[in-house]
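Source file: protein-v7.tsv (TSV, C-alpha atoms and all ligand atoms)
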```tsv
chain	number	residue	atom	x	y	z
A	222	MET	CA	0.00	0.00	0.00
A	223	LYS	CA	1.22	3.45	-0.85
A	224	ILE	CA	-0.19	6.74	0.22
A	225	PHE	CA	-1.03	8.97	-2.66
A	226	ILE	CA	0.99	12.12	-2.93
A	227	GLY	CA	-0.26	13.76	-6.13
A	228	GLU	CA	1.54	16.26	-8.30
A	229	LYS	CA	-0.39	19.15	-6.90
A	230	MET	CA	0.01	18.26	-3.25
A	231	THR	CA	1.55	20.76	-0.90
A	232	ASP	CA	5.01	20.40	0.62
A	233	HIS	CA	3.66	20.47	4.14
A	234	LEU	CA	1.99	17.11	4.63
A	235	ASP	CA	4.58	16.20	7.24
A	236	LYS	CA	3.18	18.99	9.45
A	237	MET	CA	-0.29	17.48	9.55
A	238	LEU	CA	0.08	15.64	12.87
A	239	VAL	CA	1.75	18.58	14.61
A	240	GLY	CA	-1.13	20.74	13.37
A	241	ILE	CA	-3.69	18.25	14.63
A	242	ALA	CA	-1.98	18.29	18.04
A	243	ILE	CA	-1.73	22.09	18.25
A	244	GLY	CA	-5.42	22.54	17.35
A	245	ASP	CA	-6.27	19.84	19.87
A	246	ALA	CA	-4.07	21.17	22.71
A	247	TYR	CA	-5.22	24.74	22.19
A	248	GLY	CA	-8.86	23.71	21.83
A	249	ALA	CA	-8.54	21.57	24.97
A	250	CYS	CA	-7.93	24.71	27.05
A	251	TYR	CA	-11.51	25.74	26.23
A	252	GLU	CA	-13.17	22.35	25.93
A	253	MET	CA	-16.87	22.26	26.82
A	254	LEU	CA	-17.02	25.86	27.97
A	255	THR	CA	-19.89	28.05	26.83
A	256	GLN	CA	-19.39	30.62	24.09
A	257	LYS	CA	-19.49	33.41	26.66
A	258	GLN	CA	-16.86	31.74	28.85
A	259	VAL	CA	-14.66	31.10	25.81
A	260	ALA	CA	-14.90	34.69	24.60
A	261	ARG	CA	-13.92	35.99	28.03
A	262	LEU	CA	-11.00	33.60	28.44
A	263	PHE	CA	-9.75	34.12	24.90
A	264	LYS	CA	-9.55	37.85	25.54
A	265	SER	CA	-7.32	37.40	28.57
A	266	LYS	CA	-5.24	34.39	27.48
A	267	GLY	CA	-4.68	35.16	23.80
A	268	TRP	CA	-2.46	32.73	21.92
A	269	ASN	CA	-1.22	30.84	24.94
A	270	TYR	CA	-1.99	27.44	26.33
A	271	PHE	CA	-3.28	27.27	29.89
A	272	ASP	CA	-4.46	24.54	32.22
A	273	ARG	CA	-8.04	23.78	31.34
A	274	PRO	CA	-10.32	25.07	34.08
A	275	ILE	CA	-12.22	22.22	35.73
A	276	GLY	CA	-15.07	21.86	38.16
A	277	GLY	CA	-17.80	24.30	39.21
A	278	GLN	CA	-19.17	26.41	36.39
A	279	TYR	CA	-16.62	24.93	33.98
A	280	GLY	CA	-17.63	21.29	34.40
A	281	GLY	CA	-15.12	18.67	33.30
A	282	TRP	CA	-13.54	15.98	35.35
A	283	GLU	CA	-9.99	15.43	34.24
A	284	GLY	CA	-6.89	17.52	34.27
A	285	ILE	CA	-5.33	18.56	30.98
A	286	SER	CA	-2.21	20.64	31.43
A	287	ALA	CA	-1.22	23.55	29.25
A	288	GLY	CA	0.15	22.31	25.92
A	289	GLN	CA	-1.04	18.74	26.33
A	290	TYR	CA	-2.98	17.19	23.48
A	291	THR	CA	-5.87	14.76	24.00
A	292	ASP	CA	-7.76	11.84	22.43
A	293	ASP	CA	-8.20	13.57	19.06
A	294	THR	CA	-4.46	13.51	18.41
A	295	GLN	CA	-3.75	10.17	20.04
A	296	MET	CA	-6.37	8.48	17.88
A	297	SER	CA	-5.12	10.28	14.75
A	298	ILE	CA	-1.66	8.85	15.54
A	299	ALA	CA	-3.26	5.40	15.77
A	300	VAL	CA	-4.87	5.95	12.34
A	301	VAL	CA	-1.55	7.04	10.84
A	302	GLU	CA	0.31	4.09	12.37
A	303	THR	CA	-2.32	1.69	11.08
A	304	ILE	CA	-2.09	3.13	7.56
A	305	LEU	CA	1.70	2.95	7.65
A	306	ARG	CA	1.75	-0.65	8.80
A	307	LEU	CA	-0.87	-2.35	6.77
A	308	PRO	CA	-1.66	-3.04	3.15
A	309	LYS	CA	-5.33	-2.74	3.98
A	310	TYR	CA	-6.92	-0.46	6.46
A	311	LEU	CA	-8.85	-2.89	8.58
A	312	PRO	CA	-11.08	-1.90	11.48
A	313	ASN	CA	-9.57	-4.70	13.56
A	314	ALA	CA	-6.06	-3.33	13.09
A	315	LEU	CA	-7.32	0.06	14.13
A	316	ALA	CA	-8.71	-1.34	17.36
A	317	PHE	CA	-5.27	-2.74	18.18
A	318	ALA	CA	-3.62	0.61	17.40
A	319	PHE	CA	-6.07	2.53	19.62
A	320	VAL	CA	-5.28	0.30	22.58
A	321	GLU	CA	-1.53	0.29	21.89
A	322	CYS	CA	-1.32	4.09	21.66
A	323	TYR	CA	-3.34	4.55	24.84
A	324	LYS	CA	-1.50	1.94	26.90
A	325	ARG	CA	1.95	3.26	26.02
A	326	ASP	CA	0.92	6.83	26.78
A	327	ARG	CA	-2.09	7.00	29.08
A	328	ARG	CA	-3.62	10.44	28.84
A	329	ASN	CA	-6.81	12.29	29.63
A	330	GLY	CA	-9.31	13.93	27.33
A	331	TYR	CA	-11.32	10.87	26.32
A	332	ALA	CA	-15.01	10.67	27.09
A	333	ARG	CA	-15.15	9.42	30.65
A	334	ARG	CA	-16.86	6.12	29.95
A	335	PHE	CA	-14.64	5.37	26.97
A	336	GLN	CA	-11.54	6.08	29.05
A	337	GLU	CA	-12.80	3.78	31.82
A	338	PHE	CA	-13.36	1.18	29.13
A	339	LEU	CA	-9.83	1.63	27.77
A	340	ASP	CA	-8.46	1.31	31.31
A	341	SER	CA	-10.40	-1.92	31.81
A	342	ILE	CA	-9.11	-3.76	28.74
A	343	ASP	CA	-5.68	-5.03	27.74
A	344	SER	CA	-5.73	-5.60	24.00
A	345	GLY	CA	-7.30	-4.74	20.68
A	346	ALA	CA	-8.98	-8.15	20.70
A	347	GLU	CA	-10.63	-7.32	24.01
A	348	LEU	CA	-11.74	-3.94	22.68
A	349	LEU	CA	-13.40	-5.61	19.70
A	350	GLU	CA	-15.00	-8.24	21.90
A	351	LYS	CA	-16.44	-5.87	24.49
A	352	ILE	CA	-17.13	-2.56	22.77
A	353	LYS	CA	-20.65	-1.48	21.92
A	354	PRO	CA	-19.92	0.59	18.82
A	355	HIS	CA	-23.24	2.43	18.71
A	356	SER	CA	-22.06	5.96	19.34
A	357	GLU	CA	-23.14	8.95	17.28
A	358	ARG	CA	-20.55	11.16	18.94
A	359	ASN	CA	-17.58	12.78	17.24
A	360	GLY	CA	-14.87	10.22	18.05
A	361	ALA	CA	-14.66	8.89	14.49
A	362	CYS	CA	-14.55	12.25	12.69
A	363	MET	CA	-11.97	13.78	15.03
A	364	ARG	CA	-9.36	11.22	13.85
A	365	ALA	CA	-10.27	11.15	10.13
A	366	VAL	CA	-7.99	13.86	8.69
A	367	PRO	CA	-5.11	11.50	7.69
A	368	ILE	CA	-7.56	9.32	5.75
A	369	GLY	CA	-8.03	12.12	3.21
A	370	LEU	CA	-4.51	11.33	1.98
A	371	TYR	CA	-4.96	7.60	1.77
A	372	SER	CA	-5.77	7.51	-1.94
A	373	GLU	CA	-6.23	9.72	-4.98
A	374	TYR	CA	-9.59	7.99	-5.49
A	375	ILE	CA	-12.44	9.29	-3.41
A	376	PRO	CA	-14.39	5.99	-3.31
A	377	VAL	CA	-11.34	4.45	-1.60
A	378	VAL	CA	-11.12	7.33	0.87
A	379	LYS	CA	-14.83	6.92	1.59
A	380	THR	CA	-14.47	3.20	2.28
A	381	VAL	CA	-11.51	3.71	4.58
A	382	ALA	CA	-13.28	6.52	6.44
A	383	ALA	CA	-16.33	4.27	6.90
A	384	ASN	CA	-14.05	1.51	8.24
A	385	ASN	CA	-12.54	4.05	10.60
A	386	ALA	CA	-15.95	4.60	12.15
A	387	LEU	CA	-16.99	0.94	12.36
A	388	VAL	CA	-14.86	0.10	15.39
A	389	THR	CA	-16.39	2.64	17.70
A	390	HIS	CA	-19.13	4.54	15.86
A	391	ASN	CA	-21.02	2.06	13.72
A	392	THR	CA	-24.04	4.30	13.21
A	393	PRO	CA	-25.16	6.29	10.13
A	394	LYS	CA	-24.25	9.58	11.83
A	395	GLY	CA	-20.92	8.29	13.15
A	396	ILE	CA	-19.93	6.92	9.74
A	397	ALA	CA	-21.14	10.02	7.85
A	398	SER	CA	-19.11	12.29	10.16
A	399	SER	CA	-15.93	10.29	9.52
A	400	VAL	CA	-16.49	10.32	5.75
A	401	CYS	CA	-17.18	14.07	5.85
A	402	VAL	CA	-13.94	15.04	7.60
A	403	ALA	CA	-11.83	12.63	5.51
A	404	ALA	CA	-13.48	14.02	2.36
A	405	ALA	CA	-12.79	17.62	3.43
A	406	SER	CA	-9.14	16.71	3.99
A	407	TYR	CA	-9.02	14.97	0.60
A	408	TYR	CA	-10.73	17.88	-1.18
A	409	ILE	CA	-8.51	20.59	0.24
A	410	LEU	CA	-5.15	18.80	0.34
A	411	GLN	CA	-5.48	17.14	-3.03
A	412	GLN	CA	-6.87	20.40	-4.47
A	413	LYS	CA	-10.04	19.02	-5.94
A	414	GLY	CA	-12.02	22.23	-6.38
A	415	CYS	CA	-13.01	25.63	-5.06
A	416	MET	CA	-14.10	26.09	-1.47
A	417	ASP	CA	-17.63	27.05	-2.49
A	418	ASP	CA	-18.17	23.43	-3.54
A	419	LEU	CA	-16.59	21.78	-0.48
A	420	SER	CA	-19.80	21.22	1.45
A	421	VAL	CA	-21.76	19.84	-1.49
A	422	PHE	CA	-18.86	17.48	-2.23
A	423	CYS	CA	-18.97	16.13	1.34
A	424	ALA	CA	-22.78	16.08	1.48
A	425	ASP	CA	-23.08	14.08	-1.76
A	426	LEU	CA	-20.70	11.46	-0.43
A	427	VAL	CA	-22.78	10.75	2.65
A	428	GLN	CA	-26.20	10.90	0.99
A	429	ASP	CA	-26.43	7.08	0.93
A	430	ILE	CA	-25.27	6.82	4.57
A	431	CYS	CA	-27.34	9.42	6.43
A	432	THR	CA	-29.65	11.91	4.73
A	433	GLU	CA	-29.92	14.09	7.84
A	434	SER	CA	-26.12	14.45	7.94
A	435	ALA	CA	-26.03	15.16	4.19
A	436	GLU	CA	-28.52	18.00	4.63
A	437	HIS	CA	-26.62	19.36	7.60
A	438	PHE	CA	-23.26	19.31	5.78
A	439	ASP	CA	-24.77	20.87	2.67
A	440	SER	CA	-26.14	23.83	4.62
A	441	ALA	CA	-23.35	24.19	7.22
A	442	PRO	CA	-21.41	26.97	5.44
A	443	TRP	CA	-24.53	28.91	4.57
A	444	VAL	CA	-26.30	29.24	7.93
A	445	SER	CA	-27.46	32.73	8.82
A	446	SER	CA	-25.98	32.38	12.31
A	447	THR	CA	-23.43	29.91	13.72
A	448	ASP	CA	-26.03	29.24	16.43
A	449	GLU	CA	-27.60	26.86	13.91
A	450	LEU	CA	-24.46	24.70	14.08
A	451	CYS	CA	-24.45	24.52	17.87
A	452	HIS	CA	-26.36	22.73	20.58
A	453	PRO	CA	-29.98	22.80	19.30
A	454	LYS	CA	-31.50	23.67	22.67
A	455	ASP	CA	-28.87	26.10	23.89
A	456	PRO	CA	-26.47	27.52	21.28
A	457	ASN	CA	-24.38	29.16	24.02
A	458	LYS	CA	-23.21	25.65	24.92
A	459	GLY	CA	-21.45	25.56	21.58
A	460	ILE	CA	-20.69	22.51	19.46
A	461	PRO	CA	-21.91	19.32	21.13
A	462	CYS	CA	-19.84	16.08	21.12
A	463	ASP	CA	-21.98	14.92	18.25
A	464	GLY	CA	-20.43	13.65	15.02
A	465	MET	CA	-22.79	15.41	12.64
A	466	ARG	CA	-22.54	18.78	14.35
A	467	THR	CA	-18.78	18.58	14.84
A	468	ALA	CA	-18.17	17.73	11.17
A	469	GLY	CA	-20.63	20.50	10.18
A	470	ALA	CA	-18.67	23.01	12.26
A	471	VAL	CA	-15.40	21.88	10.64
A	472	LEU	CA	-16.93	22.41	7.18
A	473	HIS	CA	-18.25	25.82	8.14
A	474	ILE	CA	-14.86	26.99	9.42
A	475	LEU	CA	-12.92	25.59	6.46
A	476	HIS	CA	-15.34	27.12	3.99
A	477	HIS	CA	-15.09	30.61	5.45
A	478	TYR	CA	-11.55	30.81	6.79
A	479	SER	CA	-9.31	28.41	4.89
A	480	THR	CA	-7.33	31.31	3.40
A	481	ASP	CA	-6.74	32.77	6.87
A	482	PRO	CA	-5.73	29.80	9.05
A	483	LEU	CA	-5.20	31.76	12.27
A	484	GLU	CA	-8.69	33.19	12.00
A	485	ALA	CA	-9.91	29.62	11.35
A	486	LEU	CA	-8.37	28.51	14.64
A	487	LYS	CA	-9.86	31.49	16.50
A	488	GLN	CA	-13.33	30.88	15.08
A	489	SER	CA	-13.12	27.17	15.92
A	490	ILE	CA	-12.54	28.14	19.54
A	491	LEU	CA	-15.18	30.86	19.68
A	492	LEU	CA	-17.89	28.38	18.68
A	493	GLY	CA	-17.51	26.93	22.20
A	494	GLY	CA	-18.41	23.42	23.30
A	495	ASP	CA	-16.19	20.65	21.95
A	496	THR	CA	-13.54	23.10	20.80
A	497	ASP	CA	-10.65	20.63	20.55
A	498	SER	CA	-12.55	18.29	18.24
A	499	VAL	CA	-13.32	21.19	15.87
A	500	ALA	CA	-9.92	22.91	16.07
A	501	SER	CA	-7.92	19.69	15.74
A	502	PRO	CA	-9.15	18.65	12.24
A	503	VAL	CA	-9.24	22.30	11.08
A	504	VAL	CA	-5.63	23.02	12.12
A	505	GLY	CA	-4.50	19.56	10.93
A	506	ILE	CA	-5.79	20.21	7.41
A	507	LEU	CA	-4.56	23.82	7.28
A	508	SER	CA	-1.10	22.91	8.62
A	509	ALA	CA	-0.77	20.24	5.94
A	510	LYS	CA	-1.77	22.89	3.40
A	511	TYR	CA	0.27	25.88	4.59
A	512	GLY	CA	2.89	24.52	6.99
A	513	LEU	CA	3.33	25.92	10.49
A	514	ASP	CA	4.63	29.46	9.90
A	515	TRP	CA	1.23	31.00	10.57
A	516	ILE	CA	0.90	29.38	13.99
A	517	PRO	CA	1.85	31.67	16.90
A	518	THR	CA	5.28	30.80	18.34
A	519	GLU	CA	3.79	30.33	21.81
A	520	LEU	CA	1.60	27.52	20.53
A	521	LYS	CA	4.45	25.79	18.71
A	522	GLN	CA	6.90	26.12	21.59
A	523	GLY	CA	4.30	25.33	24.22
A	524	LEU	CA	3.17	22.04	22.69
A	525	GLU	CA	4.28	19.10	24.82
A	526	ASP	CA	7.56	17.56	23.72
A	527	GLY	CA	7.77	14.38	25.74
A	528	PRO	CA	8.14	10.94	24.15
A	529	TYR	CA	4.98	11.44	22.07
A	530	GLY	CA	5.09	15.22	21.73
A	531	TYR	CA	6.26	17.68	19.05
A	532	SER	CA	9.34	15.80	17.78
A	533	PHE	CA	7.54	12.46	17.67
A	534	LEU	CA	4.60	13.98	15.80
A	535	LEU	CA	6.89	15.60	13.26
A	536	LYS	CA	8.81	12.37	12.72
A	537	LYS	CA	5.65	10.34	12.35
A	538	GLY	CA	4.24	13.00	10.02
A	539	LYS	CA	7.35	12.76	7.83
A	540	GLU	CA	7.03	8.98	7.58
A	541	PHE	CA	3.43	9.45	6.56
A	542	ALA	CA	4.20	12.13	3.97
A	543	GLU	CA	7.08	10.18	2.46
A	544	ARG	CA	4.95	7.21	1.51
A	545	SER	CA	4.30	8.47	-2.02
A	546	LEU	CA	3.09	6.48	-5.00
B	1	MG	MG	-10.37	15.78	22.90
```
Taking this structure as input, can you express it in the form of structure tokens?
Amino acid sequence: MKIFIGEKMTDHLDKMLVGIAIGDAYGACYEMLTQKQVARLFKSKGWNYFDRPIGGQYGGWEGISAGQYTDDTQMSIAVVETILRLPKYLPNALAFAFVECYKRDRRNGYARRFQEFLDSIDSGAELLEKIKPHSERNGACMRAVPIGLYSEYIPVVKTVAANNALVTHNTPKGIASSVCVAAASYYILQQKGCMDDLSVFCADLVQDICTESAEHFDSAPWVSSTDELCHPKDPNKGIPCDGMRTAGAVLHILHHYSTDPLEALKQSILLGGDTDSVASPVVGILSAKYGLDWIPTELKQGLEDGPYGYSFLLKKGKEFAERSL
């Protein structure tokens, strides 16, 4: 298996994983806060990581330190490692990679029950045996960016993205969200068309999987207010941990701000709610497109650089980018 690197690809694909991690770590500072809380904090903190506030009005249960990335990045690493290792991208292999990545580097940021589940099992086989993969949340789409570079053929990308969801999110909405983010990555990084057509490209691909998601993706860039992308009952709560709404938010941001990546990151945060799962795919795609020069120095220098931090992500990203046809 070779990863397609077409003639028109950018020179920055190796930066994709670092970008995913920076969007994730920065978004994690604001995770699950309301839009009002985010706006207030963003004003005082600017482009710096900080320990995510927990408890009381901020909710949350686990500590994430400044500059630490979360599940979005760790699972994207697992996707990349699976693609690099195997001739075929099999859901079973992915299950093994998820468990391997978590066990060698236990970290917070996962949904509480999923993290308890990961703590309770010892192998990919056990994950496959015990998991109930009926989630409609955003766990499949948050790790789908690398899949957009799997092939120059979109039907192949679609199949792999669907496989990506099967392990944990085997539901029409879970699968559609994974296909949507992989397709957005494919469309932008393999330069398949103008941004005005991005959402219709993604919506068409999921029409046979989930019509509600297709409609949502189609309209996501054109909403009269971003409130329509957020929590249906209380937009101030921001983007819920829901696959369809997270992928819709990613499309909205990419459509409007892909030529101004720093603004794209800011707007991903200001939506509130599950900020890391919106910012992570957005920054991953835009870092693979533009490189890292646009990212504030504080965010590059502040990203964790332990055994699985900045240097590891860059090295792994290079391996991924070098697998050309
Ligand atoms: Mg996360």
Hey, which residues sit close to ligand MG 1 (chain B)? Say within 6 Å, counting only C-alpha atoms and all ligand atoms, and write them as a PDB file with C-alpha atoms, keeping the file's coordinate frame.
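Output file result.pdb follows:
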```
ATOM      1  CA  THR A 291      -5.870  14.760  24.000  1.00  0.00           C
ATOM      2  CA  ASP A 292      -7.760  11.840  22.430  1.00  0.00           C
ATOM      3  CA  ASP A 293      -8.200  13.570  19.060  1.00  0.00           C
ATOM      4  CA  GLY A 330      -9.310  13.930  27.330  1.00  0.00           C
ATOM      5  CA  ASP A 497     -10.650  20.630  20.550  1.00  0.00           C
ATOM      6  CA  SER A 498     -12.550  18.290  18.240  1.00  0.00           C
TER       7      SER A 498
END
```
For A:Ser440, list every protein, DNA or RNA residue within 10 Å, evaluated using all atoms listed in the file, and leave out those in the same chain fewer than 3 positions away; present the list as a PyMOL selection string.
-> chain A and resi 420-421+424+434-437+443-445+449-450+469+472-473
Output file for the residues above (C-alpha atoms, as a compact mmCIF listing (two decimals), in the coordinates of the input):
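So the final result, stored in part32.txt, reads:
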```
# COMPACT_ATOMS: atom_id res chain seq x y z
CA SER A 420 -19.80 21.22 1.45
CA VAL A 421 -21.76 19.84 -1.49
CA ALA A 424 -22.78 16.08 1.48
CA SER A 434 -26.12 14.45 7.94
CA ALA A 435 -26.03 15.16 4.19
CA GLU A 436 -28.52 18.00 4.63
CA HIS A 437 -26.62 19.36 7.60
CA TRP A 443 -24.53 28.91 4.57
CA VAL A 444 -26.30 29.24 7.93
CA SER A 445 -27.46 32.73 8.82
CA GLU A 449 -27.60 26.86 13.91
CA LEU A 450 -24.46 24.70 14.08
CA GLY A 469 -20.63 20.50 10.18
CA LEU A 472 -16.93 22.41 7.18
CA HIS A 473 -18.25 25.82 8.14
```
How many Å separate atom CA of A:Ala287 from atom CA of A:Glu525?
-> 8.3 Å
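With all atoms listed in the file as the atoms that count, the minimum distance from A:Lys487 to the choices A:Ile474, A:Gly395, A:Ser297, A:Phe317 is reached by A:Ile474.
Interatomic distance, atom CA of A:Glu357 against atom CA of A:Lys510: 29.0 Å.
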Can you pull out every residue within 10 Å of stretch 455-458 of chain A, counting only C-alpha atoms, but drop anything in the same chain fewer than 4 positions away, and send it as a ChimeraX atom specification?
-> /A:253-258,447-451,492-495
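Separating atom CA of A:Leu535 from atom CA of A:Tyr290 is a distance of 14.3 Å.
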Excluding A:Ala249 and its own-chain neighbours fewer than 3 positions away, which residues fall within 7 Å of it when counting only C-alpha atoms? Please give them as a PDB file with C-alpha atoms, in the coordinates of the input.
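Listed below is the output, selection_37.pdb:
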```
ATOM      1  CA  ASP A 245      -6.270  19.840  19.870  1.00  0.00           C
ATOM      2  CA  ALA A 246      -4.070  21.170  22.710  1.00  0.00           C
ATOM      3  CA  GLU A 252     -13.170  22.350  25.930  1.00  0.00           C
ATOM      4  CA  ARG A 273      -8.040  23.780  31.340  1.00  0.00           C
ATOM      5  CA  THR A 496     -13.540  23.100  20.800  1.00  0.00           C
ATOM      6  CA  ASP A 497     -10.650  20.630  20.550  1.00  0.00           C
TER       7      ASP A 497
END
```
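With distances taken over all atoms listed in the file, A:Ser372 is the one residue among A:Ser341, A:Ser286, A:Ser508, A:Ser372 lying closest to A:Tyr407.
Between A:Leu234 and the candidates A:Ala386, A:Leu483, A:Ile409, A:Cys415, the tightest atom-to-atom separation, counting all atoms listed in the file, involves A:Ile409.
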Name the residues in contact with A:Leu507 at a cut-off of 9 Å, using all atoms listed in the file, excluding same-chain residues fewer than 5 positions from it; report them as a VMD selection string.
-> chain A and resid 237 240 409 to 410 475 479 to 480 482 485 502 512 to 513
